[in-house]
$ cat structure37.pdb   # PDB, C-alpha atoms (C1' of nucleotides)
ATOM      1  CA  MET A   1      17.652  -0.630  -3.024
ATOM      2  CA  VAL A   2      18.117   2.823  -4.428
ATOM      3  CA  VAL A   3      14.645   3.856  -3.279
ATOM      4  CA  GLN A   4      14.437   6.373  -6.066
ATOM      5  CA  PRO A   5      11.004   7.586  -7.118
ATOM      6  CA  PRO A   6       9.768   5.164  -9.729
ATOM      7  CA  ASP A   7       9.389   6.814 -13.093
ATOM      8  CA  PRO A   8       5.822   7.105 -14.420
ATOM      9  CA  LEU A   9       6.390   4.795 -17.355
ATOM     10  CA  SER A  10       7.601   2.006 -15.122
ATOM     11  CA  ALA A  11       4.592   2.497 -12.888
ATOM     12  CA  VAL A  12       2.264   2.184 -15.856
ATOM     13  CA  PHE A  13       3.906  -0.939 -17.247
ATOM     14  CA  ARG A  14       4.069  -2.576 -13.867
ATOM     15  CA  ALA A  15       0.411  -1.789 -13.255
ATOM     16  CA  LEU A  16      -0.410  -3.449 -16.567
ATOM     17  CA  GLY A  17       1.683  -6.450 -15.642
ATOM     18  CA  ASP A  18      -1.112  -7.989 -13.595
ATOM     19  CA  PRO A  19      -4.141  -9.618 -15.273
ATOM     20  CA  THR A  20      -6.465  -8.601 -12.454
ATOM     21  CA  ARG A  21      -5.624  -4.960 -13.004
ATOM     22  CA  ARG A  22      -5.936  -5.239 -16.766
ATOM     23  CA  GLU A  23      -9.346  -6.771 -16.290
ATOM     24  CA  MET A  24     -10.301  -3.926 -13.971
ATOM     25  CA  LEU A  25      -9.271  -1.389 -16.567
ATOM     26  CA  HIS A  26     -11.366  -3.197 -19.115
ATOM     27  CA  ARG A  27     -14.400  -3.076 -16.880
ATOM     28  CA  LEU A  28     -14.039   0.678 -16.682
ATOM     29  CA  VAL A  29     -14.432   1.302 -20.382
ATOM     30  CA  ASP A  30     -18.193   1.688 -20.183
ATOM     31  CA  GLY A  31     -18.189   4.145 -17.342
ATOM     32  CA  GLU A  32     -17.524   4.596 -13.694
ATOM     33  CA  ARG A  33     -17.579   1.736 -11.252
ATOM     34  CA  THR A  34     -17.292   1.638  -7.510
ATOM     35  CA  VAL A  35     -14.460  -0.168  -5.799
ATOM     36  CA  GLY A  36     -16.910  -2.834  -4.738
ATOM     37  CA  GLU A  37     -18.105  -3.337  -8.284
ATOM     38  CA  LEU A  38     -14.529  -3.606  -9.479
ATOM     39  CA  ALA A  39     -13.782  -6.157  -6.800
ATOM     40  CA  GLU A  40     -16.865  -8.273  -7.348
ATOM     41  CA  PRO A  41     -15.751 -10.515 -10.269
ATOM     42  CA  PHE A  42     -12.615 -11.659  -8.503
ATOM     43  CA  ARG A  43     -12.173 -14.383  -5.962
ATOM     44  CA  MET A  44     -10.312 -12.181  -3.560
ATOM     45  CA  SER A  45     -11.131  -9.963  -0.650
ATOM     46  CA  VAL A  46     -12.355  -6.449  -1.208
ATOM     47  CA  GLN A  47      -9.211  -5.234   0.496
ATOM     48  CA  ALA A  48      -7.011  -6.993  -2.017
ATOM     49  CA  ALA A  49      -8.996  -5.544  -4.887
ATOM     50  CA  SER A  50      -8.747  -2.150  -3.248
ATOM     51  CA  LYS A  51      -4.979  -2.486  -3.330
ATOM     52  CA  HIS A  52      -5.112  -3.173  -7.051
ATOM     53  CA  VAL A  53      -7.233  -0.096  -7.569
ATOM     54  CA  LYS A  54      -4.692   1.906  -5.648
ATOM     55  CA  VAL A  55      -1.886   0.621  -7.852
ATOM     56  CA  LEU A  56      -3.840   1.686 -10.918
ATOM     57  CA  GLU A  57      -4.502   5.026  -9.308
ATOM     58  CA  ARG A  58      -0.869   5.652  -8.445
ATOM     59  CA  ALA A  59       0.073   4.742 -12.011
ATOM     60  CA  GLY A  60      -2.334   7.429 -13.172
ATOM     61  CA  LEU A  61      -4.555   4.988 -15.019
ATOM     62  CA  VAL A  62      -7.566   5.467 -12.781
ATOM     63  CA  ARG A  63      -9.103   8.508 -11.125
ATOM     64  CA  ARG A  64     -11.306   8.352  -8.095
ATOM     65  CA  ARG A  65     -14.326  10.388  -7.090
ATOM     66  CA  VAL A  66     -15.578   9.960  -3.555
ATOM     67  CA  GLN A  67     -19.254  10.498  -3.003
ATOM     68  CA  GLY A  68     -20.598   9.588   0.365
ATOM     69  CA  ARG A  69     -19.179   6.237   1.285
ATOM     70  CA  VAL A  70     -18.736   4.933  -2.245
ATOM     71  CA  HIS A  71     -15.647   5.593  -4.319
ATOM     72  CA  TYR A  72     -16.342   5.907  -8.020
ATOM     73  CA  CYS A  73     -13.417   4.998 -10.253
ATOM     74  CA  ARG A  74     -13.054   6.036 -13.831
ATOM     75  CA  LEU A  75     -10.529   5.281 -16.512
ATOM     76  CA  HIS A  76      -7.852   7.860 -17.197
ATOM     77  CA  ALA A  77      -6.154   6.617 -20.322
ATOM     78  CA  ASP A  78      -3.660   9.381 -20.987
ATOM     79  CA  ARG A  79      -0.836   7.452 -19.373
ATOM     80  CA  LEU A  80      -1.617   4.609 -21.721
ATOM     81  CA  ALA A  81      -0.878   6.941 -24.574
ATOM     82  CA  GLU A  82       2.648   7.457 -23.297
ATOM     83  CA  ALA A  83       3.117   3.731 -22.932
ATOM     84  CA  GLN A  84       1.918   3.161 -26.436
ATOM     85  CA  ARG A  85       4.233   5.815 -27.799
ATOM     86  CA  TRP A  86       7.122   4.071 -26.107
ATOM     87  CA  ILE A  87       6.198   0.765 -27.670
ATOM     88  CA  ALA A  88       5.422   2.314 -31.041
ATOM     89  CA  PHE A  89       9.067   3.185 -31.442
ATOM     90  CA  TYR A  90       9.700  -0.502 -32.006
ATOM     91  CA  GLU A  91       7.010  -0.929 -34.620
ATOM     92  CA  ARG A  92       9.524  -1.164 -37.404
ATOM     93  CA  PHE A  93      11.052  -4.211 -35.726
ATOM     94  CA  TRP A  94       8.073  -6.458 -35.450
ATOM     95  CA  SER A  95       7.109  -8.659 -38.304
ATOM     96  CA  GLY A  96       3.345  -8.416 -38.636
ATOM     97  CA  ARG A  97       3.251  -4.892 -39.921
ATOM     98  CA  LEU A  98      -0.360  -4.270 -40.941
ATOM     99  CA  ASP A  99       0.434  -2.270 -44.022
ATOM    100  CA  ALA A 100       3.171   0.036 -45.065
ATOM    101  CA  LEU A 101       0.740   2.890 -45.427
ATOM    102  CA  GLU A 102       0.431   3.113 -41.707
ATOM    103  CA  THR A 103       3.976   4.304 -41.357
ATOM    104  CA  MET A 104       2.956   7.461 -43.152
ATOM    105  CA  PHE A 105       0.653   8.236 -40.288
ATOM    106  CA  HIS A 106       3.126   7.233 -37.606
ATOM    107  CA  PRO A 107       6.059   9.572 -38.179
ATOM    108  CA  ARG A 108       8.473   8.116 -35.697
ATOM    109  CA  SER A 109      11.093  10.159 -33.992
ATOM    110  CA  ALA A 110      14.720   9.228 -34.259
ATOM    111  CA  HIS A 111      14.821   8.539 -30.522
ATOM    112  CA  PRO A 112      12.610   6.392 -28.369
ATOM    113  CA  PRO A 113      10.131   8.259 -26.211
ATOM    114  CA  ASP A 114      11.692  10.080 -23.301
ATOM    115  CA  ASP A 115      12.891   7.563 -20.831
ATOM    116  CA  GLU A 116      15.835   6.587 -18.736
ATOM    117  CA  GLU A 117      16.762  10.229 -18.429
ATOM    118  CA  ARG A 118      17.441   9.737 -14.746
ATOM    119  CA  ALA A 119      20.726   7.979 -15.315
ATOM    120  CA  PRO A 120      23.382  10.666 -15.725
TER
ATOM    121  CA  MET B   1       0.167 -17.872  -4.137
ATOM    122  CA  VAL B   2      -1.724 -19.503  -6.949
ATOM    123  CA  VAL B   3       1.553 -20.147  -8.737
ATOM    124  CA  GLN B   4      -0.213 -20.244 -12.050
ATOM    125  CA  PRO B   5       1.834 -19.919 -15.230
ATOM    126  CA  PRO B   6       2.093 -16.226 -15.935
ATOM    127  CA  ASP B   7       0.361 -15.267 -19.138
ATOM    128  CA  PRO B   8       2.592 -13.897 -21.918
ATOM    129  CA  LEU B   9       1.101 -10.428 -21.843
ATOM    130  CA  SER B  10       1.808 -10.031 -18.150
ATOM    131  CA  ALA B  11       5.348 -11.210 -18.711
ATOM    132  CA  VAL B  12       5.844  -8.593 -21.409
ATOM    133  CA  PHE B  13       4.422  -5.736 -19.382
ATOM    134  CA  ARG B  14       6.346  -6.715 -16.302
ATOM    135  CA  ALA B  15       9.536  -6.948 -18.303
ATOM    136  CA  LEU B  16       8.883  -3.437 -19.572
ATOM    137  CA  GLY B  17       8.243  -2.222 -16.046
ATOM    138  CA  ASP B  18      11.928  -1.816 -15.315
ATOM    139  CA  PRO B  19      13.956   1.081 -16.776
ATOM    140  CA  THR B  20      17.112  -0.996 -16.988
ATOM    141  CA  ARG B  21      15.384  -3.528 -19.203
ATOM    142  CA  ARG B  22      13.769  -0.855 -21.351
ATOM    143  CA  GLU B  23      17.182   0.687 -21.852
ATOM    144  CA  MET B  24      18.576  -2.690 -22.811
ATOM    145  CA  LEU B  25      15.863  -3.126 -25.407
ATOM    146  CA  HIS B  26      16.695   0.263 -26.775
ATOM    147  CA  ARG B  27      20.336  -0.619 -27.109
ATOM    148  CA  LEU B  28      19.352  -3.592 -29.229
ATOM    149  CA  VAL B  29      17.673  -1.595 -31.943
ATOM    150  CA  ASP B  30      20.821  -1.231 -33.995
ATOM    151  CA  GLY B  31      21.755  -4.851 -33.959
ATOM    152  CA  GLU B  32      22.980  -7.681 -31.816
ATOM    153  CA  ARG B  33      24.837  -7.132 -28.593
ATOM    154  CA  THR B  34      26.515  -9.503 -26.236
ATOM    155  CA  VAL B  35      25.408  -9.843 -22.648
ATOM    156  CA  GLY B  36      28.549  -8.047 -21.599
ATOM    157  CA  GLU B  37      27.855  -5.168 -23.922
ATOM    158  CA  LEU B  38      24.329  -4.945 -22.610
ATOM    159  CA  ALA B  39      25.592  -4.908 -19.053
ATOM    160  CA  GLU B  40      28.326  -2.371 -19.599
ATOM    161  CA  PRO B  41      26.391   0.932 -19.285
ATOM    162  CA  PHE B  42      24.921   0.004 -15.921
ATOM    163  CA  ARG B  43      26.406   0.283 -12.515
ATOM    164  CA  MET B  44      25.620  -3.252 -11.576
ATOM    165  CA  SER B  45      27.296  -6.603 -11.704
ATOM    166  CA  VAL B  46      27.300  -8.655 -14.872
ATOM    167  CA  GLN B  47      25.258 -11.245 -13.034
ATOM    168  CA  ALA B  48      22.511  -8.756 -12.283
ATOM    169  CA  ALA B  49      22.438  -7.614 -15.897
ATOM    170  CA  SER B  50      22.354 -11.228 -16.984
ATOM    171  CA  LYS B  51      19.235 -11.685 -14.909
ATOM    172  CA  HIS B  52      17.599  -8.773 -16.681
ATOM    173  CA  VAL B  53      18.467 -10.288 -20.024
ATOM    174  CA  LYS B  54      16.890 -13.521 -18.918
ATOM    175  CA  VAL B  55      13.692 -11.731 -17.927
ATOM    176  CA  LEU B  56      13.558 -10.143 -21.360
ATOM    177  CA  GLU B  57      14.221 -13.516 -22.934
ATOM    178  CA  ARG B  58      11.492 -15.268 -20.982
ATOM    179  CA  ALA B  59       9.092 -12.508 -21.956
ATOM    180  CA  GLY B  60       9.945 -13.246 -25.574
ATOM    181  CA  LEU B  61      11.379  -9.805 -26.192
ATOM    182  CA  VAL B  62      14.937 -10.978 -26.759
ATOM    183  CA  ARG B  63      16.424 -13.962 -28.532
ATOM    184  CA  ARG B  64      19.842 -15.338 -27.829
ATOM    185  CA  ARG B  65      22.453 -16.873 -30.083
ATOM    186  CA  VAL B  66      25.407 -18.541 -28.398
ATOM    187  CA  GLN B  67      28.648 -18.560 -30.283
ATOM    188  CA  GLY B  68      31.659 -19.765 -28.445
ATOM    189  CA  ARG B  69      31.661 -18.106 -25.065
ATOM    190  CA  VAL B  70      29.738 -15.007 -26.077
ATOM    191  CA  HIS B  71      25.962 -14.807 -26.088
ATOM    192  CA  TYR B  72      24.600 -12.545 -28.778
ATOM    193  CA  CYS B  73      21.207 -11.035 -27.999
ATOM    194  CA  ARG B  74      18.864  -9.591 -30.532
ATOM    195  CA  LEU B  75      15.551  -7.820 -30.287
ATOM    196  CA  HIS B  76      12.424  -9.853 -30.978
ATOM    197  CA  ALA B  77       9.675  -7.273 -31.098
ATOM    198  CA  ASP B  78       6.671  -9.397 -31.986
ATOM    199  CA  ARG B  79       5.523  -9.591 -28.406
ATOM    200  CA  LEU B  80       5.588  -5.818 -28.301
ATOM    201  CA  ALA B  81       3.030  -5.859 -31.077
ATOM    202  CA  GLU B  82       0.621  -7.791 -28.883
ATOM    203  CA  ALA B  83       1.198  -5.396 -26.031
ATOM    204  CA  GLN B  84       0.517  -2.465 -28.278
ATOM    205  CA  ARG B  85      -2.659  -4.022 -29.586
ATOM    206  CA  TRP B  86      -3.839  -4.423 -26.020
ATOM    207  CA  ILE B  87      -3.173  -0.792 -25.278
ATOM    208  CA  ALA B  88      -4.566   0.390 -28.588
ATOM    209  CA  PHE B  89      -8.015  -0.739 -27.532
ATOM    210  CA  TYR B  90      -8.034   2.215 -25.158
ATOM    211  CA  GLU B  91      -7.039   4.760 -27.741
ATOM    212  CA  ARG B  92     -10.521   6.196 -27.895
ATOM    213  CA  PHE B  93     -10.301   7.052 -24.211
ATOM    214  CA  TRP B  94      -7.213   9.150 -24.136
ATOM    215  CA  SER B  95      -7.410  12.800 -24.855
ATOM    216  CA  GLY B  96      -4.449  13.673 -27.033
ATOM    217  CA  ARG B  97      -5.606  11.920 -30.139
ATOM    218  CA  LEU B  98      -3.145  12.921 -32.815
ATOM    219  CA  ASP B  99      -5.668  13.321 -35.564
ATOM    220  CA  ALA B 100      -8.964  11.750 -36.362
ATOM    221  CA  LEU B 101      -7.616  10.425 -39.622
ATOM    222  CA  GLU B 102      -5.571   7.919 -37.775
ATOM    223  CA  THR B 103      -8.638   6.045 -36.645
ATOM    224  CA  MET B 104      -9.283   5.152 -40.250
ATOM    225  CA  PHE B 105      -6.088   3.168 -40.212
ATOM    226  CA  HIS B 106      -6.695   1.624 -36.808
ATOM    227  CA  PRO B 107      -9.917  -0.324 -37.238
ATOM    228  CA  ARG B 108     -10.501  -1.418 -33.682
ATOM    229  CA  SER B 109     -12.273  -4.566 -32.711
ATOM    230  CA  ALA B 110     -15.308  -4.472 -30.501
ATOM    231  CA  HIS B 111     -13.453  -6.313 -27.774
ATOM    232  CA  PRO B 112     -10.081  -5.733 -26.194
ATOM    233  CA  PRO B 113      -7.267  -7.953 -27.407
ATOM    234  CA  ASP B 114      -7.480 -11.520 -26.149
ATOM    235  CA  ASP B 115      -6.729 -11.502 -22.494
ATOM    236  CA  GLU B 116      -7.971 -12.752 -19.198
ATOM    237  CA  GLU B 117      -9.427 -15.708 -20.987
ATOM    238  CA  ARG B 118      -8.110 -17.963 -18.270
ATOM    239  CA  ALA B 119     -10.874 -17.035 -15.854
ATOM    240  CA  PRO B 120     -13.892 -19.129 -16.859
TER
ATOM    241  C1'  DC C   1     -30.623   6.057  17.374
ATOM    242  C1'  DG C   2     -28.888   1.763  15.757
ATOM    243  C1'  DC C   3     -27.447  -1.103  12.273
ATOM    244  C1'  DA C   4     -25.743  -2.376   7.786
ATOM    245  C1'  DT C   5     -22.761  -1.021   3.955
ATOM    246  C1'  DC C   6     -18.584   0.709   1.643
ATOM    247  C1'  DC C   7     -14.117   1.199   1.982
ATOM    248  C1'  DA C   8      -9.435   2.307   3.936
ATOM    249  C1'  DC C   9      -5.805   1.225   7.076
ATOM    250  C1'  DA C  10      -2.759  -1.797   9.587
ATOM    251  C1'  DA C  11      -0.461  -5.927  10.589
ATOM    252  C1'  DC C  12       1.002 -10.045   8.986
ATOM    253  C1'  DC C  13       2.690 -13.708   5.699
ATOM    254  C1'  DA C  14       4.739 -16.066   1.574
ATOM    255  C1'  DT C  15       6.617 -15.105  -2.743
ATOM    256  C1'  DT C  16       8.905 -12.448  -6.093
ATOM    257  C1'  DC C  17      12.270  -8.971  -7.420
ATOM    258  C1'  DG C  18      16.560  -6.681  -7.920
ATOM    259  C1'  DG C  19      20.749  -6.683  -6.370
ATOM    260  C1'  DT C  20      25.125  -8.766  -4.238
ATOM    261  C1'  DT C  21      29.154 -12.227  -3.813
ATOM    262  C1'  DG C  22      31.410 -16.564  -4.795
ATOM    263  C1'  DA C  23      32.272 -20.473  -7.584
ATOM    264  C1'  DC C  24      32.587 -22.702 -11.882
ATOM    265  C1'  DA C  25      32.120 -24.127 -16.863
ATOM    266  C1'  DA C  26      33.471 -23.153 -21.281
ATOM    267  C1'  DT C  27      36.066 -20.839 -24.585
ATOM    268  C1'  DC C  28      39.835 -18.200 -26.609
ATOM    269  C1'  DC C  29      44.666 -17.250 -26.853
ATOM    270  C1'  DG C  30      49.671 -16.874 -25.472
TER
ATOM    271  C1'  DC D   1      49.294 -26.214 -20.870
ATOM    272  C1'  DG D   2      47.902 -22.155 -18.343
ATOM    273  C1'  DG D   3      45.700 -17.889 -17.879
ATOM    274  C1'  DA D   4      42.268 -14.452 -19.141
ATOM    275  C1'  DT D   5      37.515 -13.679 -20.739
ATOM    276  C1'  DT D   6      32.532 -14.522 -20.991
ATOM    277  C1'  DG D   7      28.712 -15.753 -18.879
ATOM    278  C1'  DT D   8      25.810 -18.910 -15.865
ATOM    279  C1'  DC D   9      24.406 -20.838 -11.499
ATOM    280  C1'  DA D  10      23.607 -20.793  -6.566
ATOM    281  C1'  DA D  11      23.044 -18.753  -2.213
ATOM    282  C1'  DC D  12      21.951 -14.939   0.123
ATOM    283  C1'  DC D  13      19.738 -10.341   1.374
ATOM    284  C1'  DG D  14      16.407  -6.416   1.783
ATOM    285  C1'  DA D  15      12.484  -4.472  -0.318
ATOM    286  C1'  DA D  16       8.362  -4.814  -2.885
ATOM    287  C1'  DT D  17       4.191  -7.557  -4.266
ATOM    288  C1'  DG D  18      -0.085  -9.852  -3.659
ATOM    289  C1'  DG D  19      -2.746 -11.895  -0.688
ATOM    290  C1'  DT D  20      -5.050 -12.594   4.079
ATOM    291  C1'  DT D  21      -7.575 -11.102   8.514
ATOM    292  C1'  DG D  22      -9.047  -7.702  11.749
ATOM    293  C1'  DT D  23     -10.457  -3.046  12.906
ATOM    294  C1'  DG D  24     -12.676   1.038  12.449
ATOM    295  C1'  DG D  25     -14.499   5.381  10.170
ATOM    296  C1'  DA D  26     -18.033   7.471   7.412
ATOM    297  C1'  DT D  27     -22.233   7.227   5.437
ATOM    298  C1'  DG D  28     -26.992   5.669   4.332
ATOM    299  C1'  DC D  29     -31.208   4.100   6.083
ATOM    300  C1'  DG D  30     -35.129   1.877   8.825
TER
END
$ encode --input "structure37.pdb" --output "structure tokens"
Amino acid sequence: MVVQPPDPLSAVFRALGDPTRREMLHRLVDGERTVGELAEPFRMSVQAASKHVKVLERAGLVRRRVQGRVHYCRLHADRLAEAQRWIAFYERFWSGRLDALETMFHPRSAHPPDDEERAP
Amino acid sequence: MVVQPPDPLSAVFRALGDPTRREMLHRLVDGERTVGELAEPFRMSVQAASKHVKVLERAGLVRRRVQGRVHYCRLHADRLAEAQRWIAFYERFWSGRLDALETMFHPRSAHPPDDEERAP
DNA sequence: CGCATCCACAACCATTCGGTTGACAATCCG
DNA sequence: CGGATTGTCAACCGAATGGTTGTGGATGCG
């Protein structure tokens, strides 16, 4: 309704909210892949897969390099870091804490990562 | 279209993909809150906020305790741990690594966290 | 040149999402 | 009892999502 520009964090989480896109990200860990290669494992049209790639791209999780007629996609994980920092704020609240030592290396801020600043 | 049961990880990420719901989670860090209390900061009807709470609940991020006519919600962060483990697989690919020491305390598996196992 | 390949764009469709309003069930309290 | 409070449920609405098909633009190549 409000048609406000979606904040980056929401875009990242929503992009991750689809298993097809998560699988695509995973297939990018060992290097660049073309849109066609990314589409190949899925039982869907290339156009549909292309839409998924675009969602990942708009979320900042994938960068594209056009060479000739092929589009090479590569992982751009920096946005994932922000997402993880947001989640990490809640580490103290989940039960399966690996070991207490870890908290020494995760100095958490008193506030959750910057978010929801758009609401006055 | 395929109407398949959404996997838990997708449900978590999609729940996190909305700033209202992230804000609600944040307001649960210092204890239980009723649905009304959760709805109060937002310029939306109680019914709309109630829907958000239900999304969080179905994603397993919030538990509910009904007492009389009030519904007390509390944070249940375990699902966030799974989400973070999924993201953590990509740590090696983002640039702003805090310090190399941290990797000693994050022994990563060779594979990403269990996911997309539903596609044979 | 002529054709095949890679991919985007556009239109369309069904479903989901995020919000509304209205009605109602249950509970507390005078 | 009767009224106020808390919250759900149901129906509805517009926009976004996830898919399809069709078209066409570049590019590579025989």
$ residues_around --input "structure37.pdb" --residues "DA10 (chain D)" --least-positions-apart "4" --cutoff "12 Å" --atoms "all atoms listed in the file" --output "list in words"
Gln47 of chain B; DT21, DG22, DA23 and DC24 of chain C
$ resolve_selection --input "structure37.pdb" --expression "the PyMOL selection byres ((chain C and resi 3) around 10)" --output "NGL selection string"
(:C and (1-2 or 4-5)) or (:D and (29-30))
$ resolve_selection --input "structure37.pdb" --expression "the PyMOL selection byres ((chain A) within 9 of (chain D))" --output "JSON, numbers by chain"
{"A": [1, 44, 45, 48, 51, 68, 69, 70]}
$ closest_residue --input "structure37.pdb" --among "A:Val62, A:Leu28, A:Ala11, A:Leu38" --to "chain B" --atoms "all atoms listed in the file"
A:Ala11
$ resolve_selection --input "structure37.pdb" --expression "the PyMOL selection byres ((chain C) within 8 of (chain A))" --output "PyMOL selection string"
chain C and resi 6-7+18-19
$ interface_residues --input "structure37.pdb" --of "chain A" --to "chain B" --cutoff "7 Å" --atoms "all atoms listed in the file" --output "PDB file with C-alpha atoms, in the coordinates of the input"
ATOM      1  CA  SER A  10       7.601   2.006 -15.122  1.00  0.00           C
ATOM      2  CA  ALA A  11       4.592   2.497 -12.888  1.00  0.00           C
ATOM      3  CA  PHE A  13       3.906  -0.939 -17.247  1.00  0.00           C
ATOM      4  CA  ARG A  14       4.069  -2.576 -13.867  1.00  0.00           C
ATOM      5  CA  LEU A  16      -0.410  -3.449 -16.567  1.00  0.00           C
ATOM      6  CA  GLY A  17       1.683  -6.450 -15.642  1.00  0.00           C
ATOM      7  CA  ASP A  18      -1.112  -7.989 -13.595  1.00  0.00           C
ATOM      8  CA  PRO A  19      -4.141  -9.618 -15.273  1.00  0.00           C
ATOM      9  CA  GLU A  23      -9.346  -6.771 -16.290  1.00  0.00           C
ATOM     10  CA  ALA A  77      -6.154   6.617 -20.322  1.00  0.00           C
ATOM     11  CA  ASP A  78      -3.660   9.381 -20.987  1.00  0.00           C
ATOM     12  CA  LEU A  80      -1.617   4.609 -21.721  1.00  0.00           C
ATOM     13  CA  ALA A  81      -0.878   6.941 -24.574  1.00  0.00           C
ATOM     14  CA  GLN A  84       1.918   3.161 -26.436  1.00  0.00           C
ATOM     15  CA  ILE A  87       6.198   0.765 -27.670  1.00  0.00           C
ATOM     16  CA  TYR A  90       9.700  -0.502 -32.006  1.00  0.00           C
ATOM     17  CA  PHE A  93      11.052  -4.211 -35.726  1.00  0.00           C
ATOM     18  CA  TRP A  94       8.073  -6.458 -35.450  1.00  0.00           C
ATOM     19  CA  SER A  95       7.109  -8.659 -38.304  1.00  0.00           C
ATOM     20  CA  GLU A 102       0.431   3.113 -41.707  1.00  0.00           C
ATOM     21  CA  PHE A 105       0.653   8.236 -40.288  1.00  0.00           C
ATOM     22  CA  GLU A 116      15.835   6.587 -18.736  1.00  0.00           C
TER      23      GLU A 116
END
$ residues_around --input "structure37.pdb" --residues "Tyr72 (chain A)" --least-positions-apart "4" --cutoff "6 Å" --atoms "all atoms listed in the file" --output "PyMOL selection string"
chain A and resi 32-34+64-65
$ build_atoms --input "structure37.pdb" --residues "region 60-74 of chain A" --atoms "N, CA and C atoms" --output "PDB file, in the frame of the given file"
ATOM      1  N   GLY A  60      -1.642   6.411 -12.397  1.00  0.00           N
ATOM      2  CA  GLY A  60      -2.334   7.429 -13.172  1.00  0.00           C
ATOM      3  C   GLY A  60      -3.320   6.875 -14.171  1.00  0.00           C
ATOM      4  N   LEU A  61      -3.650   5.604 -14.046  1.00  0.00           N
ATOM      5  CA  LEU A  61      -4.555   4.988 -15.019  1.00  0.00           C
ATOM      6  C   LEU A  61      -6.008   5.068 -14.575  1.00  0.00           C
ATOM      7  N   VAL A  62      -6.219   5.409 -13.327  1.00  0.00           N
ATOM      8  CA  VAL A  62      -7.566   5.467 -12.781  1.00  0.00           C
ATOM      9  C   VAL A  62      -7.682   6.707 -11.902  1.00  0.00           C
ATOM     10  N   ARG A  63      -8.800   7.384 -12.011  1.00  0.00           N
ATOM     11  CA  ARG A  63      -9.103   8.508 -11.125  1.00  0.00           C
ATOM     12  C   ARG A  63     -10.270   8.121 -10.242  1.00  0.00           C
ATOM     13  N   ARG A  64     -10.315   8.734  -9.083  1.00  0.00           N
ATOM     14  CA  ARG A  64     -11.306   8.352  -8.095  1.00  0.00           C
ATOM     15  C   ARG A  64     -12.135   9.558  -7.699  1.00  0.00           C
ATOM     16  N   ARG A  65     -13.422   9.334  -7.524  1.00  0.00           N
ATOM     17  CA  ARG A  65     -14.326  10.388  -7.090  1.00  0.00           C
ATOM     18  C   ARG A  65     -15.115   9.828  -5.916  1.00  0.00           C
ATOM     19  N   VAL A  66     -14.924  10.468  -4.763  1.00  0.00           N
ATOM     20  CA  VAL A  66     -15.578   9.960  -3.555  1.00  0.00           C
ATOM     21  C   VAL A  66     -16.895  10.689  -3.356  1.00  0.00           C
ATOM     22  N   GLN A  67     -17.938   9.910  -3.240  1.00  0.00           N
ATOM     23  CA  GLN A  67     -19.254  10.498  -3.003  1.00  0.00           C
ATOM     24  C   GLN A  67     -19.928   9.681  -1.905  1.00  0.00           C
ATOM     25  N   GLY A  68     -20.065  10.334  -0.767  1.00  0.00           N
ATOM     26  CA  GLY A  68     -20.598   9.588   0.365  1.00  0.00           C
ATOM     27  C   GLY A  68     -19.618   8.519   0.782  1.00  0.00           C
ATOM     28  N   ARG A  69     -20.097   7.301   0.886  1.00  0.00           N
ATOM     29  CA  ARG A  69     -19.179   6.237   1.285  1.00  0.00           C
ATOM     30  C   ARG A  69     -18.686   5.434   0.094  1.00  0.00           C
ATOM     31  N   VAL A  70     -19.205   5.683  -1.078  1.00  0.00           N
ATOM     32  CA  VAL A  70     -18.736   4.933  -2.245  1.00  0.00           C
ATOM     33  C   VAL A  70     -17.675   5.726  -2.997  1.00  0.00           C
ATOM     34  N   HIS A  71     -16.722   4.998  -3.534  1.00  0.00           N
ATOM     35  CA  HIS A  71     -15.647   5.593  -4.319  1.00  0.00           C
ATOM     36  C   HIS A  71     -15.862   5.204  -5.778  1.00  0.00           C
ATOM     37  N   TYR A  72     -16.134   6.173  -6.597  1.00  0.00           N
ATOM     38  CA  TYR A  72     -16.342   5.907  -8.020  1.00  0.00           C
ATOM     39  C   TYR A  72     -15.012   6.029  -8.748  1.00  0.00           C
ATOM     40  N   CYS A  73     -14.667   5.004  -9.493  1.00  0.00           N
ATOM     41  CA  CYS A  73     -13.417   4.998 -10.253  1.00  0.00           C
ATOM     42  C   CYS A  73     -13.738   5.164 -11.727  1.00  0.00           C
ATOM     43  N   ARG A  74     -12.881   5.915 -12.397  1.00  0.00           N
ATOM     44  CA  ARG A  74     -13.054   6.036 -13.831  1.00  0.00           C
ATOM     45  C   ARG A  74     -11.692   5.901 -14.511  1.00  0.00           C
TER      46      ARG A  74
END
